[in-house]
Amino acid sequence: MDAASSRFQSLDLLVTLVAVVDSDATVLFANAALEDALCVSRRLIVGSCLENVFTEPHLLQNALIGARDNAFSALRYDAWLKRHGHDTLPVHVIIARPEPTDEIIVEMVPQEQQSRQDREQRLAEQSKTNKELIRNLAHEIKNPLGGIRGAAQLLEMEIESPELTEYTQVIIHEADRLQSLVDRLLAPHRRPHTVGDVNIHDVCERVRSLILAEFPKGLTVVRDYDTSIPELRGDREQLIQAALNIAHNACQALAERITTGDACLTLRTRVTRQITFCKQRYKLALKLHVIDNGPGIPDSIKERIFYPLVSGREGGSGLGLTLAQTFVQQHNGLIEVSSIPGCTNFMILIPLP
């Protein structure tokens with residue numbers, strides 16, 4: 001290992017693309033992420049001119065001149081990277097010159113990655129807020145709810161008129177319904193996270209059998225599995241519940257197609273390599289897709305589908321996706337969704353060992 005590689009090897013731990021260059025744009029060091037992105041070996045990158053990997057090299061030239069003349073402490077601009085055998089990659093470029101060296105650090109953040117990081121940050125903050133709100137709201141509801149139900153039962157014992165006892169029965173029934181809702185809100189926070197070896201296809205098969213038991217006619221469940229996927233460490237019951245909630249929501253959206261007999265739900269498993277999510281880079285991750293051919297998610301709730309009590313179906317509790325998100329996050333994963341009429345794709349991403 002040469003001196004430059006030794007000094008800068010910690011940059012290999014970063015998920016963003018980083019090159020260290022001199023004032024003439026000659027590459028002194030390139031990290032592993034840049035090597036992967038350019039689809040070129042690091043050995044060929046080091047010693048070359050970094051300007052050659054940009055579609056508009058003059059932007060980097062001007063930036064390096066400014067850095068050399070100490071015109072700024074850091075400069076940012078958008079550019080496109082040329083990749084061997086692949087489409088160009090839009091990146092956000094950050095130029096910085098650490099004092100007192102003449103070396104210049106060029107950091108390139110893929111714009112897709114940047115937007116994903118921003119989205120994940122919003123989801124994480126939203127999820128944290130949701131959890132606090134749910135716990136506090138559930139506890140505030142639960143205490144007076146028991147009193148209301150108990151008072152209704154005592155009142156029913158004192159009333160002789162059958163017509164009036166119907167009203168107390170309504171109170172008791174609605175109190176029980178709210179109690180059930182509160183229990184579901186608190187469920188993820190009560191049950192311990194039990195970790196073991198999980199075969200994701202056992203999870204999918206369990207979900208498939210439960211879905212077909214509830215929707216035996218008019219629905220086809222397609223299995224599209226990559227059987228080479230290794231076992232993961234996780235809570236089997238939580239993963240079943242997360243996938244089942246998503247699949248069940250999909251089937252409810254497929255109600256019309258189930259009636260006509262052409263509803264389709266696809267369970268697809270794949271492995272992805274060298275992927276960054278939840279602010280970490282993973283060598284290997286599981287992608288579990290739950291895809292339906294329904295009408296799609298209404299635009300009015302697309303940005304809020306993981307909020308508690310938000311539902312696109314009349315009479316829905318709006319808790320299924322919230323709980324699914326909570327369970328997946330407890331596995332250091334996330335759920336992404338894309339939806340157009342005729343194809344809604346929920347993708348669960350979970351790191352693999």
# chains A, B, ... in the order shown; residues from 1 in each chain; ligands from 1
$ closest_atom_pairs --of "segment 318-350 of chain A" --to "segment 254-270 of chain A" --cutoff "12 Å" --atoms "only C-alpha atoms" --output "tab-separated table"
residue	atom	partner	partner_atom	distance
A:Pro341	CA	A:Leu254	CA	11.5
A:Gly342	CA	A:Leu254	CA	10.0
A:Cys343	CA	A:Leu265	CA	9.9
A:Thr344	CA	A:Leu265	CA	9.8
A:Asn345	CA	A:Thr266	CA	9.2
A:Phe346	CA	A:Leu267	CA	10.0
A:Met347	CA	A:Arg268	CA	9.2
A:Ile348	CA	A:Thr269	CA	9.6
A:Leu349	CA	A:Arg270	CA	9.9
A:Ile350	CA	A:Arg270	CA	11.0
$ residues_around --residues "Ala247 of chain A" --least-positions-apart "4" --cutoff "8 Å" --atoms "only C-alpha atoms" --output "ChimeraX atom specification"
/A:207,211,243,251,265,290
$ select_by_dssp --residues "segment 132-268 of chain A" --states "helix (DSSP H, G or I)" --output "ChimeraX atom specification"
/A:132-158,162-190,200-214,236-253,255-260
$ residues_around --residues "Gln280 of chain A" --least-positions-apart "5" --cutoff "10 Å" --atoms "only C-alpha atoms" --output "list of chain:residue names"
A:Leu13, A:Leu14, A:Val15, A:Ile275, A:Asn332, A:Pro351
$ residues_around --residues "Ser23 of chain A" --least-positions-apart "5" --cutoff "8 Å" --atoms "only C-alpha atoms" --output "MDAnalysis selection string"
chainID A and resid 64:65 68 102:104
$ select_by_dssp --residues "segment 165-332 of chain A" --states "strand (DSSP E)" --output "ChimeraX atom specification"
/A:196-198,219-224,232-234,263-277,280-292
$ closest_residue --among "A:Phe277, A:Val18, A:Ile45, A:His173" --to "His92 of chain A" --atoms "only C-alpha atoms"
A:Val18
$ residues_around --residues "Ala151 of chain A" --least-positions-apart "5" --cutoff "10 Å" --atoms "only C-alpha atoms" --output "JSON list (two decimals) with N, CA and C atoms, in the first residue's frame"
[["chain", "number", "residue", "atom", "x", "y", "z"],
["A", 145, "LEU", "N", -61.24, 4.90, 29.30],
["A", 145, "LEU", "CA", -62.06, 3.95, 28.55],
["A", 145, "LEU", "C", -62.61, 2.85, 29.47],
["A", 146, "GLY", "N", -61.75, 2.37, 30.37],
["A", 146, "GLY", "CA", -62.20, 1.35, 31.31],
["A", 146, "GLY", "C", -63.30, 1.87, 32.22],
["A", 156, "GLU", "N", -76.45, -0.48, 33.09],
["A", 156, "GLU", "CA", -77.28, -1.49, 32.45],
["A", 156, "GLU", "C", -77.97, -2.38, 33.50],
["A", 168, "THR", "N", -76.90, 1.23, 26.36],
["A", 168, "THR", "CA", -75.72, 0.84, 27.14],
["A", 168, "THR", "C", -74.90, -0.21, 26.39],
["A", 171, "ILE", "N", -72.68, 1.62, 24.05],
["A", 171, "ILE", "CA", -71.53, 2.19, 24.76],
["A", 171, "ILE", "C", -70.48, 1.12, 25.03],
["A", 172, "ILE", "N", -70.94, -0.05, 25.52],
["A", 172, "ILE", "CA", -70.00, -1.14, 25.85],
["A", 172, "ILE", "C", -69.30, -1.64, 24.59]]
$ decode --residues "segment 248-264 of chain A" --atoms "N, CA and C atoms" --output "PDB file, in the first residue's frame"
ATOM      1  N   HIS A 248     -52.332  -7.826   2.907  1.00  0.00           N
ATOM      2  CA  HIS A 248     -53.765  -7.702   3.211  1.00  0.00           C
ATOM      3  C   HIS A 248     -54.303  -6.373   2.689  1.00  0.00           C
ATOM      4  N   ASN A 249     -53.536  -5.293   2.871  1.00  0.00           N
ATOM      5  CA  ASN A 249     -53.938  -3.990   2.323  1.00  0.00           C
ATOM      6  C   ASN A 249     -54.089  -4.073   0.812  1.00  0.00           C
ATOM      7  N   ALA A 250     -53.132  -4.771   0.176  1.00  0.00           N
ATOM      8  CA  ALA A 250     -53.181  -4.912  -1.280  1.00  0.00           C
ATOM      9  C   ALA A 250     -54.445  -5.643  -1.709  1.00  0.00           C
ATOM     10  N   CYS A 251     -54.785  -6.713  -1.007  1.00  0.00           N
ATOM     11  CA  CYS A 251     -55.979  -7.490  -1.365  1.00  0.00           C
ATOM     12  C   CYS A 251     -57.257  -6.678  -1.192  1.00  0.00           C
ATOM     13  N   GLN A 252     -57.292  -5.833  -0.176  1.00  0.00           N
ATOM     14  CA  GLN A 252     -58.468  -4.980   0.007  1.00  0.00           C
ATOM     15  C   GLN A 252     -58.580  -3.967  -1.134  1.00  0.00           C
ATOM     16  N   ALA A 253     -57.426  -3.497  -1.625  1.00  0.00           N
ATOM     17  CA  ALA A 253     -57.443  -2.581  -2.775  1.00  0.00           C
ATOM     18  C   ALA A 253     -57.836  -3.318  -4.053  1.00  0.00           C
ATOM     19  N   LEU A 254     -57.650  -4.643  -4.056  1.00  0.00           N
ATOM     20  CA  LEU A 254     -57.964  -5.459  -5.232  1.00  0.00           C
ATOM     21  C   LEU A 254     -59.413  -5.964  -5.250  1.00  0.00           C
ATOM     22  N   ALA A 255     -60.261  -5.424  -4.382  1.00  0.00           N
ATOM     23  CA  ALA A 255     -61.614  -5.953  -4.209  1.00  0.00           C
ATOM     24  C   ALA A 255     -62.364  -6.101  -5.533  1.00  0.00           C
ATOM     25  N   GLU A 256     -62.293  -5.073  -6.374  1.00  0.00           N
ATOM     26  CA  GLU A 256     -63.030  -5.143  -7.645  1.00  0.00           C
ATOM     27  C   GLU A 256     -62.449  -6.211  -8.558  1.00  0.00           C
ATOM     28  N   ARG A 257     -61.134  -6.290  -8.631  1.00  0.00           N
ATOM     29  CA  ARG A 257     -60.497  -7.298  -9.490  1.00  0.00           C
ATOM     30  C   ARG A 257     -60.737  -8.714  -8.949  1.00  0.00           C
ATOM     31  N   ILE A 258     -60.812  -8.858  -7.638  1.00  0.00           N
ATOM     32  CA  ILE A 258     -61.119 -10.177  -7.066  1.00  0.00           C
ATOM     33  C   ILE A 258     -62.521 -10.606  -7.489  1.00  0.00           C
ATOM     34  N   THR A 259     -63.444  -9.645  -7.526  1.00  0.00           N
ATOM     35  CA  THR A 259     -64.814  -9.931  -7.956  1.00  0.00           C
ATOM     36  C   THR A 259     -64.849 -10.403  -9.410  1.00  0.00           C
ATOM     37  N   THR A 260     -64.032  -9.766 -10.253  1.00  0.00           N
ATOM     38  CA  THR A 260     -64.009 -10.141 -11.676  1.00  0.00           C
ATOM     39  C   THR A 260     -63.071 -11.319 -11.942  1.00  0.00           C
ATOM     40  N   GLY A 261     -62.273 -11.702 -10.942  1.00  0.00           N
ATOM     41  CA  GLY A 261     -61.449 -12.904 -11.064  1.00  0.00           C
ATOM     42  C   GLY A 261     -60.076 -12.706 -11.655  1.00  0.00           C
ATOM     43  N   ASP A 262     -59.612 -11.456 -11.825  1.00  0.00           N
ATOM     44  CA  ASP A 262     -58.290 -11.255 -12.434  1.00  0.00           C
ATOM     45  C   ASP A 262     -57.327 -10.504 -11.496  1.00  0.00           C
ATOM     46  N   ALA A 263     -57.528 -10.646 -10.191  1.00  0.00           N
ATOM     47  CA  ALA A 263     -56.631 -10.006  -9.223  1.00  0.00           C
ATOM     48  C   ALA A 263     -55.342 -10.808  -9.118  1.00  0.00           C
ATOM     49  N   CYS A 264     -54.213 -10.096  -9.001  1.00  0.00           N
ATOM     50  CA  CYS A 264     -52.915 -10.766  -8.918  1.00  0.00           C
ATOM     51  C   CYS A 264     -52.055 -10.097  -7.834  1.00  0.00           C
TER      52      CYS A 264
END
